[in-house]
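Structure file run-v3.tsv (TSV, C-alpha atoms and all ligand atoms) follows.
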chain	number	residue	atom	x	y	z
A	1	MET	CA	102.95	13.82	116.65
A	2	THR	CA	102.69	15.71	119.95
A	3	ILE	CA	100.39	18.61	120.80
A	4	ARG	CA	103.33	20.97	120.24
A	5	GLU	CA	103.97	19.58	116.75
A	6	VAL	CA	100.32	19.71	115.74
A	7	ILE	CA	100.14	23.35	116.85
A	8	GLN	CA	103.27	24.13	114.82
A	9	HIS	CA	101.94	22.39	111.70
A	10	SER	CA	98.50	23.96	111.88
A	11	THR	CA	99.94	27.43	112.51
A	12	ARG	CA	102.12	27.18	109.39
A	13	PHE	CA	99.26	25.79	107.30
A	14	LEU	CA	96.73	28.45	108.38
A	15	GLU	CA	99.28	31.25	107.99
A	16	GLY	CA	99.82	30.14	104.40
A	17	LYS	CA	96.07	30.36	103.82
A	18	GLY	CA	95.93	33.98	105.01
A	19	VAL	CA	94.01	33.19	108.22
A	20	GLU	CA	94.33	35.84	110.94
A	21	SER	CA	95.83	34.72	114.29
A	22	PRO	CA	96.73	31.30	112.85
A	23	ARG	CA	98.28	29.87	116.03
A	24	LEU	CA	95.31	30.79	118.19
A	25	GLN	CA	92.87	29.39	115.64
A	26	GLY	CA	94.76	26.10	115.41
A	27	GLU	CA	94.85	25.87	119.21
A	28	HIS	CA	91.08	26.39	119.46
A	29	LEU	CA	90.49	23.60	116.94
A	30	LEU	CA	92.87	21.17	118.63
A	31	ALA	CA	91.42	21.95	122.07
A	32	HIS	CA	87.94	21.30	120.65
A	33	VAL	CA	88.99	17.90	119.30
A	34	LEU	CA	90.65	16.93	122.58
A	35	GLY	CA	87.78	18.28	124.70
A	36	LEU	CA	90.18	20.44	126.73
A	37	PRO	CA	90.18	24.14	127.65
A	38	ARG	CA	92.70	25.76	125.25
A	39	LEU	CA	95.20	26.67	127.97
A	40	GLN	CA	95.39	23.01	129.03
A	41	LEU	CA	97.19	22.32	125.74
A	42	TYR	CA	100.27	23.98	127.23
A	43	LEU	CA	100.18	21.82	130.34
A	44	ASN	CA	100.21	18.75	128.07
A	45	ILE	CA	102.39	20.14	125.31
A	46	ASP	CA	104.50	16.98	124.79
A	47	ARG	CA	101.57	14.56	124.92
A	48	PRO	CA	101.49	12.36	121.81
A	49	LEU	CA	98.17	12.32	119.92
A	50	THR	CA	96.36	9.28	118.60
A	51	GLU	CA	95.91	8.74	114.86
A	52	ALA	CA	92.19	9.52	115.25
A	53	GLU	CA	92.89	12.81	117.08
A	54	ILE	CA	95.38	13.85	114.43
A	55	SER	CA	93.11	13.08	111.50
A	56	THR	CA	90.08	14.81	113.09
A	57	THR	CA	92.18	17.88	113.84
A	58	ARG	CA	93.61	17.87	110.33
A	59	ALA	CA	90.12	17.86	108.81
A	60	LEU	CA	89.02	20.83	110.95
A	61	VAL	CA	92.20	22.79	110.24
A	62	GLN	CA	91.67	22.21	106.52
A	63	ARG	CA	88.13	23.59	106.81
A	64	ARG	CA	89.51	26.68	108.56
A	65	GLY	CA	92.13	26.93	105.80
A	66	ARG	CA	89.24	27.16	103.32
A	67	ARG	CA	88.22	30.23	105.37
A	68	GLU	CA	85.22	28.71	107.07
A	69	PRO	CA	84.79	30.71	110.31
A	70	LEU	CA	86.09	29.10	113.49
A	71	GLN	CA	82.67	29.53	115.13
A	72	HIS	CA	80.94	27.57	112.36
A	73	ILE	CA	83.41	24.73	112.77
A	74	LEU	CA	82.97	24.70	116.56
A	75	GLY	CA	79.21	25.35	116.24
A	76	THR	CA	79.30	28.00	118.96
A	77	ALA	CA	80.36	31.59	119.58
A	78	ASN	CA	81.07	33.35	122.83
A	79	PHE	CA	79.11	36.53	123.39
A	80	ALA	CA	79.92	38.46	126.55
A	81	GLY	CA	80.52	35.21	128.41
A	82	LEU	CA	77.45	33.41	127.02
A	83	GLU	CA	77.97	30.44	124.73
A	84	LEU	CA	75.59	30.68	121.76
A	85	LYS	CA	74.89	28.18	119.02
A	86	VAL	CA	75.71	29.58	115.58
A	87	THR	CA	75.05	28.19	112.12
A	88	PRO	CA	75.27	29.71	108.63
A	89	ASP	CA	71.71	31.03	109.23
A	90	VAL	CA	72.84	33.61	111.78
A	91	LEU	CA	75.45	36.32	111.94
A	92	ILE	CA	78.35	35.32	114.19
A	93	PRO	CA	77.99	37.85	117.02
A	94	ARG	CA	80.87	40.34	117.10
A	95	PRO	CA	82.79	41.76	120.08
A	96	GLU	CA	81.64	45.32	119.31
A	97	THR	CA	78.01	44.21	119.73
A	98	GLU	CA	78.87	43.32	123.33
A	99	LEU	CA	79.21	47.07	123.92
A	100	LEU	CA	75.66	47.61	122.68
A	101	ALA	CA	74.44	44.78	124.92
A	102	GLU	CA	76.17	46.30	127.92
A	103	GLN	CA	74.79	49.79	127.28
A	104	ALA	CA	71.30	48.34	126.86
A	105	ALA	CA	71.50	46.37	130.11
A	106	ASN	CA	72.96	49.36	132.02
A	107	PHE	CA	70.17	51.66	130.84
A	108	LEU	CA	67.41	49.21	131.78
A	109	LYS	CA	69.08	48.55	135.12
A	110	SER	CA	69.07	52.26	135.88
A	111	LEU	CA	65.36	52.45	134.95
A	112	ALA	CA	64.65	49.43	137.15
A	113	GLY	CA	66.45	51.09	140.05
A	114	ARG	CA	63.97	53.98	139.91
A	115	GLN	CA	60.84	51.82	140.23
A	116	PRO	CA	59.38	50.13	143.32
A	117	PRO	CA	59.85	46.32	143.12
A	118	GLU	CA	56.09	45.67	143.17
A	119	VAL	CA	55.61	47.91	140.09
A	120	LEU	CA	58.43	46.14	138.26
A	121	ALA	CA	57.04	42.73	139.17
A	122	ALA	CA	53.66	43.69	137.69
A	123	THR	CA	55.00	45.49	134.61
A	124	PRO	CA	58.53	44.42	133.68
A	125	LEU	CA	60.68	46.72	131.54
A	126	ARG	CA	60.36	46.09	127.82
A	127	MET	CA	63.07	46.03	125.22
A	128	LEU	CA	62.75	45.57	121.46
A	129	ASP	CA	65.59	44.21	119.29
A	130	ILE	CA	65.30	44.55	115.52
A	131	GLY	CA	67.23	41.77	113.72
A	132	THR	CA	67.85	39.03	116.27
A	133	GLY	CA	70.38	36.74	114.52
A	134	SER	CA	71.71	34.39	117.21
A	135	GLY	CA	69.56	36.21	119.78
A	136	CYS	CA	72.66	37.63	121.45
A	137	LEU	CA	71.21	41.02	122.46
A	138	PRO	CA	67.90	40.02	124.09
A	139	ILE	CA	69.49	36.93	125.64
A	140	TYR	CA	72.30	38.95	127.23
A	141	VAL	CA	69.95	41.63	128.55
A	142	THR	CA	67.25	39.32	129.94
A	143	HIS	CA	69.96	37.08	131.42
A	144	ARG	CA	71.40	40.08	133.30
A	145	LEU	CA	68.06	41.63	134.27
A	146	ALA	CA	65.31	39.48	135.72
A	147	GLU	CA	62.97	42.50	135.60
A	148	CYS	CA	63.12	42.76	131.79
A	149	GLU	CA	61.11	41.25	128.95
A	150	ALA	CA	62.25	41.44	125.34
A	151	TRP	CA	60.64	41.30	121.93
A	152	THR	CA	62.92	40.39	119.06
A	153	VAL	CA	62.12	40.36	115.35
A	154	ASP	CA	63.89	38.74	112.45
A	155	VAL	CA	62.83	38.31	108.85
A	156	SER	CA	64.72	34.99	108.83
A	157	GLU	CA	62.70	32.17	110.39
A	158	ALA	CA	65.83	30.06	110.55
A	159	ALA	CA	67.51	32.75	112.66
A	160	ILE	CA	64.50	32.94	114.98
A	161	ALA	CA	64.73	29.17	115.52
A	162	ILE	CA	68.41	29.40	116.52
A	163	ALA	CA	67.79	32.43	118.76
A	164	ARG	CA	64.94	30.61	120.50
A	165	GLU	CA	67.17	27.59	121.08
A	166	ASN	CA	69.90	29.83	122.50
A	167	ALA	CA	67.42	31.53	124.81
A	168	GLY	CA	66.33	28.10	126.04
A	169	ARG	CA	69.94	27.13	126.75
A	170	HIS	CA	70.30	30.18	128.97
A	171	GLY	CA	66.95	29.90	130.72
A	172	VAL	CA	65.42	33.14	129.37
A	173	ALA	CA	63.12	31.86	126.59
A	174	GLU	CA	60.01	32.61	128.65
A	175	ARG	CA	60.88	36.31	128.85
A	176	ILE	CA	61.63	36.75	125.14
A	177	HIS	CA	58.93	37.07	122.48
A	178	PHE	CA	60.26	35.89	119.13
A	179	VAL	CA	58.58	37.50	116.15
A	180	SER	CA	59.22	36.46	112.62
A	181	GLY	CA	58.73	39.16	109.98
A	182	ASP	CA	59.76	42.53	108.66
A	183	ALA	CA	60.95	44.85	111.45
A	184	PHE	CA	58.22	47.03	113.03
A	185	ALA	CA	55.59	45.81	110.57
A	186	ALA	CA	55.64	42.41	112.29
A	187	LEU	CA	54.79	43.78	115.75
A	188	ASP	CA	51.48	44.22	117.58
A	189	PRO	CA	50.82	47.97	117.14
A	190	GLU	CA	49.76	48.30	120.79
A	191	LEU	CA	53.24	47.49	122.10
A	192	ARG	CA	55.47	50.20	123.59
A	193	PHE	CA	59.09	49.78	124.73
A	194	ASP	CA	61.49	51.36	127.20
A	195	LEU	CA	64.40	50.61	124.90
A	196	ILE	CA	64.81	49.79	121.21
A	197	VAL	CA	68.13	48.32	120.09
A	198	SER	CA	69.39	47.16	116.74
A	199	ASN	CA	72.54	45.99	115.08
A	200	PRO	CA	71.00	46.14	111.60
A	201	PRO	CA	72.48	44.98	108.31
A	202	TYR	CA	74.74	47.92	107.44
A	203	ILE	CA	77.22	46.95	104.73
A	204	PRO	CA	76.74	48.86	101.46
A	205	ALA	CA	75.61	46.19	98.97
A	206	GLU	CA	78.57	46.67	96.61
A	207	GLU	CA	81.11	46.31	99.42
A	208	ILE	CA	79.99	42.82	100.37
A	209	ALA	CA	82.13	41.27	97.61
A	210	THR	CA	85.25	42.93	99.09
A	211	LEU	CA	84.84	41.52	102.63
A	212	ASP	CA	86.98	38.70	104.09
A	213	PRO	CA	85.84	35.27	102.85
A	214	GLU	CA	84.75	34.31	106.39
A	215	VAL	CA	82.15	37.09	106.26
A	216	ARG	CA	81.37	37.32	102.54
A	217	ASP	CA	80.85	33.58	102.03
A	218	HIS	CA	79.58	32.48	105.46
A	219	ASP	CA	77.55	35.20	107.21
A	220	PRO	CA	74.00	35.35	105.81
A	221	ARG	CA	73.63	38.05	103.16
A	222	LEU	CA	70.39	39.13	104.87
A	223	ALA	CA	72.46	40.04	107.92
A	224	LEU	CA	74.92	42.17	105.95
A	225	ASP	CA	73.17	44.00	103.14
A	226	GLY	CA	72.20	47.51	104.17
A	227	GLY	CA	71.22	48.67	100.67
A	228	PRO	CA	73.15	50.87	98.25
A	229	ASP	CA	74.78	53.11	100.90
A	230	GLY	CA	74.41	50.73	103.88
A	231	LEU	CA	71.91	53.07	105.57
A	232	ASP	CA	68.54	51.59	104.51
A	233	PHE	CA	67.78	50.08	107.94
A	234	TYR	CA	68.87	53.16	109.85
A	235	ARG	CA	66.47	55.28	107.77
A	236	ARG	CA	63.61	52.95	108.62
A	237	ILE	CA	64.46	52.55	112.27
A	238	VAL	CA	65.04	56.26	112.88
A	239	ARG	CA	61.76	57.10	111.10
A	240	GLU	CA	59.62	54.50	112.89
A	241	ALA	CA	61.17	53.80	116.31
A	242	GLY	CA	59.82	56.96	117.96
A	243	ASN	CA	56.25	55.67	117.65
A	244	TRP	CA	57.13	52.56	119.67
A	245	LEU	CA	58.93	54.15	122.62
A	246	GLN	CA	57.56	54.91	126.08
A	247	PRO	CA	58.21	58.47	127.28
A	248	GLY	CA	61.82	58.53	128.55
A	249	GLY	CA	62.73	55.56	126.36
A	250	LYS	CA	65.92	55.28	124.30
A	251	LEU	CA	67.14	54.06	120.97
A	252	MET	CA	70.54	52.37	120.75
A	253	LEU	CA	72.10	51.43	117.42
A	254	GLU	CA	75.30	49.72	116.39
A	255	LEU	CA	76.96	51.58	113.51
A	256	GLY	CA	79.18	50.54	110.61
A	257	HIS	CA	82.79	51.78	110.80
A	258	ASP	CA	82.21	55.05	108.89
A	259	GLN	CA	78.50	55.68	109.48
A	260	ALA	CA	78.42	57.77	112.67
A	261	ALA	CA	78.02	61.17	110.99
A	262	ALA	CA	75.40	59.94	108.53
A	263	VAL	CA	73.26	58.19	111.18
A	264	HIS	CA	73.65	61.16	113.54
A	265	ALA	CA	72.26	63.40	110.76
A	266	LEU	CA	69.41	60.96	110.08
A	267	CYS	CA	68.48	61.05	113.77
A	268	GLU	CA	68.51	64.82	113.96
A	269	GLY	CA	66.36	64.99	110.84
A	270	GLN	CA	63.71	62.88	112.64
A	271	MET	CA	63.50	64.72	115.97
A	272	TRP	CA	65.94	62.56	117.95
A	273	ILE	CA	68.45	64.01	120.39
A	274	VAL	CA	71.69	62.07	120.07
A	275	GLU	CA	73.03	61.67	123.61
A	276	ALA	CA	76.23	59.80	122.82
A	277	VAL	CA	78.22	58.02	120.16
A	278	LEU	CA	80.51	55.56	121.92
A	279	PRO	CA	83.73	54.13	120.48
A	280	ASP	CA	84.55	50.44	120.20
A	281	TYR	CA	87.84	48.75	121.21
A	282	SER	CA	89.49	50.16	118.05
A	283	ARG	CA	88.19	53.67	118.83
A	284	ILE	CA	85.71	53.53	115.94
A	285	PRO	CA	82.45	55.39	116.76
A	286	ARG	CA	80.21	52.35	117.12
A	287	ILE	CA	77.19	52.76	119.42
A	288	LEU	CA	74.71	55.63	119.01
A	289	ILE	CA	72.36	56.42	121.87
A	290	ALA	CA	69.39	58.73	121.26
A	291	ARG	CA	66.18	59.85	122.92
A	292	ARG	CA	63.13	61.62	121.56
A	293	GLY	CA	63.48	65.43	121.22
A	301	LIG	C1	73.72	42.37	111.46
A	301	LIG	S1	72.60	41.07	111.86
A	301	LIG	C2	72.53	41.26	113.61
A	301	LIG	C3	72.20	40.00	114.35
A	301	LIG	C4	72.36	40.11	115.87
A	301	LIG	N1	71.48	41.12	116.43
A	301	LIG	C5	73.80	40.43	116.23
A	301	LIG	O1	74.06	41.58	116.63
A	301	LIG	O2	74.67	39.54	116.10
A	301	LIG	C6	71.06	41.71	111.28
A	301	LIG	C7	69.86	40.80	111.41
A	301	LIG	O3	68.72	41.50	110.84
A	301	LIG	C8	67.90	40.56	110.19
A	301	LIG	N2	67.06	41.27	109.20
A	301	LIG	C9	67.35	41.62	107.93
A	301	LIG	N3	66.32	42.24	107.36
A	301	LIG	C10	65.34	42.31	108.29
A	301	LIG	C11	64.01	42.84	108.31
A	301	LIG	N4	63.50	43.44	107.25
A	301	LIG	N5	63.29	42.72	109.45
A	301	LIG	C12	63.80	42.10	110.55
A	301	LIG	N6	65.06	41.58	110.59
A	301	LIG	C13	65.81	41.69	109.48
A	301	LIG	C14	68.88	39.57	109.56
A	301	LIG	O4	68.24	38.35	109.27
A	301	LIG	C15	69.94	39.49	110.66
A	301	LIG	O5	69.65	38.43	111.55
As C-alpha cells, how would this structure be written, given the file I've shared?
Amino acid sequence: MTIREVIQHSTRFLEGKGVESPRLQGEHLLAHVLGLPRLQLYLNIDRPLTEAEISTTRALVQRRGRREPLQHILGTANFAGLELKVTPDVLIPRPETELLAEQAANFLKSLAGRQPPEVLAATPLRMLDIGTGSGCLPIYVTHRLAECEAWTVDVSEAAIAIARENAGRHGVAERIHFVSGDAFAALDPELRFDLIVSNPPYIPAEEIATLDPEVRDHDPRLALDGGPDGLDFYRRIVREAGNWLQPGGKLMLELGHDQAAAVHALCEGQMWIVEAVLPDYSRIPRILIARRG
C-alpha cells in the first residue's frame, strides 16, 4: 500500500467510528509512524510503505477508532506552539486555553513595561495558576516573559510531575514553583500575586457522562468535575483570590460554554469589577478578566 492508500483506508475506518476530522487524524498518525511532518506525506503520496509501517499505523488507527485521543496516542499536545507531554493524568490542553495564556502574558508584559529593569530583576512579577494539568499556562507565560515567576497548584501529584517535566523541556522549571495540594489552602499564606489565572474543572457532574468518549473516558475526572452546577471552583476562587492579589492585580478565568453570566454574577457578589469577558474562536464567552473593586 502507498501513503495515499493508507490515508484513504484510515479516513474511511475513522469516519465509520464517528471520529471528527478523520482524514486529518489518520494523517497525523501516519506522519508520526513515518517520522515526517504531516505535510510531507503529500510530497511522498505514492511512496509504498513497508509491512512494519503499515502494521504500526494500523494499530494506532485502531486505537483512535476506539476513541482514544490523538494526543494520548502521540504522547504530546501542541499548546500555543509549545510541545507538551500529555498522559491520562493530565487534561489535554485546549485551543481556547491559549487565549487565557495570551491574555495572561499580555497583562504581565504591560506591568513589566511600567517597571524599571533593576526593580524587575530584584522582584520578578508573580503569577498563580490554580489547577496546572500539563503545566500549559505557567509554562507559556514564563517562556514568553523572562521577568515572571509562577506558582502552580494541582491536587493531582501525577499532574504536577508531568507539568514539571514539561517545564524542564522548555527551560522554565527554575521559575515555576510546583505545589501539590488543594488550591489556595496549599500555598504559603505570605505569598501575593500580580495575576491569578485558572482554567478550573467546570463541567456539571451529571453532564460528564454525555461528553464525547475522548473526554469522558480519557481526560481525568478531577480535571472535569465542577460539582453539581459546574461552578464549585469559581465560587471558591472568586471568594478567596482577592486575598492573594497585589494592589492592581487581576484575576483571569476560563469559563465553560454557558457560564459567563453565572460567573460574572459570582464576581460582582464578591466585590470584583469584571473588566471583560472575551469570546473564543467560536464566539463563546470564554475568558473573564476581573480586578478588585
Ligand atoms: C480543567 S483542568 C486544567 C488544566 C490546565 N490548567 C489546562 O488548562 O489545560 C483543571 C485542573 O485542576 C486540578 N484540580 C482539581 N481539583 C483541584 C483542587 N482542589 N486544587 C487544585 N487543583 C485541582 C485538576 O487536577 C486539573 O489538573
Q. What separation in Å, quoted to one decimal, exists between atom CA of A:Gln270 and atom CA of A:Glu240?
A.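 Interatomic distance, atom CA of A:Gln270 to atom CA of A:Glu240: 9.3 Å.
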(Q) Measuring between all atoms listed in the file, which one of A:Thr56, A:Leu70, A:Ala146, A:Leu36 shows the shortest distance to A:Leu24? (A)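 The closest residue to A:Leu24 is A:Leu70.
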(Q) Could you list, as a PyMOL selection string, all residues that come within 7 Å of ligand LIG 301 (chain A)? Count only C-alpha atoms and all ligand atoms. (A) chain A and resi 90-94+97+130-137+153-156+159+181-183+198-202+222-224
Q: Determine, counting only C-alpha atoms, which protein, DNA and RNA residues have an atom within 9 Å of an atom of stretch 11-22 of chain A; residues of the same chain fewer than 3 positions away are not included. Present the result as a VMD selection string.
A: chain A and resid 6 to 8 25 to 27 61 to 62 64 to 67
Q: May I ask for the distance between atom CA of A:Trp272 and atom CA of A:Pro138, given in Å to one decimal place?
A: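 Distance between the two atoms: 23.4 Å.
Taking atom CA of A:Val197 and atom CA of A:Leu288 as the two end points, the separation is 9.9 Å.
Nearest to A:Tyr281 of all the residues A:Val179, A:Glu98, A:Val215, A:Glu157 is A:Glu98, counting only C-alpha atoms.
Distances here use only C-alpha atoms; by that measure, the residue among A:Gln40, A:Gln259, A:Asn106, A:Ser10 closest to A:Cys148 is A:Asn106.
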Q. Between A:Leu39, A:Glu53, A:His32, A:Arg144, which has the minimum distance to A:Ala80 (counting all atoms listed in the file)?
A.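 The shortest atom-to-atom distance to A:Ala80 comes from A:Arg144.
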Select all residues near (58.9, 46.7, 128.0) (cut-off 9 Å, inclusive, file coordinates), counting only C-alpha atoms, and output them as a PDB file with C-alpha atoms, keeping the file's coordinate frame.
ATOM      1  CA  THR A 123      55.000  45.490 134.610  1.00  0.00           C
ATOM      2  CA  PRO A 124      58.530  44.420 133.680  1.00  0.00           C
ATOM      3  CA  LEU A 125      60.680  46.720 131.540  1.00  0.00           C
ATOM      4  CA  ARG A 126      60.360  46.090 127.820  1.00  0.00           C
ATOM      5  CA  MET A 127      63.070  46.030 125.220  1.00  0.00           C
ATOM      6  CA  LEU A 128      62.750  45.570 121.460  1.00  0.00           C
ATOM      7  CA  CYS A 148      63.120  42.760 131.790  1.00  0.00           C
ATOM      8  CA  GLU A 149      61.110  41.250 128.950  1.00  0.00           C
ATOM      9  CA  ALA A 150      62.250  41.440 125.340  1.00  0.00           C
ATOM     10  CA  TRP A 151      60.640  41.300 121.930  1.00  0.00           C
ATOM     11  CA  LEU A 191      53.240  47.490 122.100  1.00  0.00           C
ATOM     12  CA  ARG A 192      55.470  50.200 123.590  1.00  0.00           C
ATOM     13  CA  PHE A 193      59.090  49.780 124.730  1.00  0.00           C
ATOM     14  CA  ASP A 194      61.490  51.360 127.200  1.00  0.00           C
ATOM     15  CA  LEU A 195      64.400  50.610 124.900  1.00  0.00           C
ATOM     16  CA  GLN A 246      57.560  54.910 126.080  1.00  0.00           C
TER      17      GLN A 246
END
Q. For A:Asn166, which residue out of A:Leu187, A:Ile73, A:Asn78, A:Glu207 is the nearest one, using all atoms listed in the file?
A.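 Comparing A:Leu187, A:Ile73, A:Asn78, A:Glu207 against A:Asn166, the winner is A:Asn78.
Residue nearest A:Arg236, chosen from A:Ile160, A:Phe184, A:Ala276, A:Ser282 and counting all atoms listed in the file: A:Phe184.
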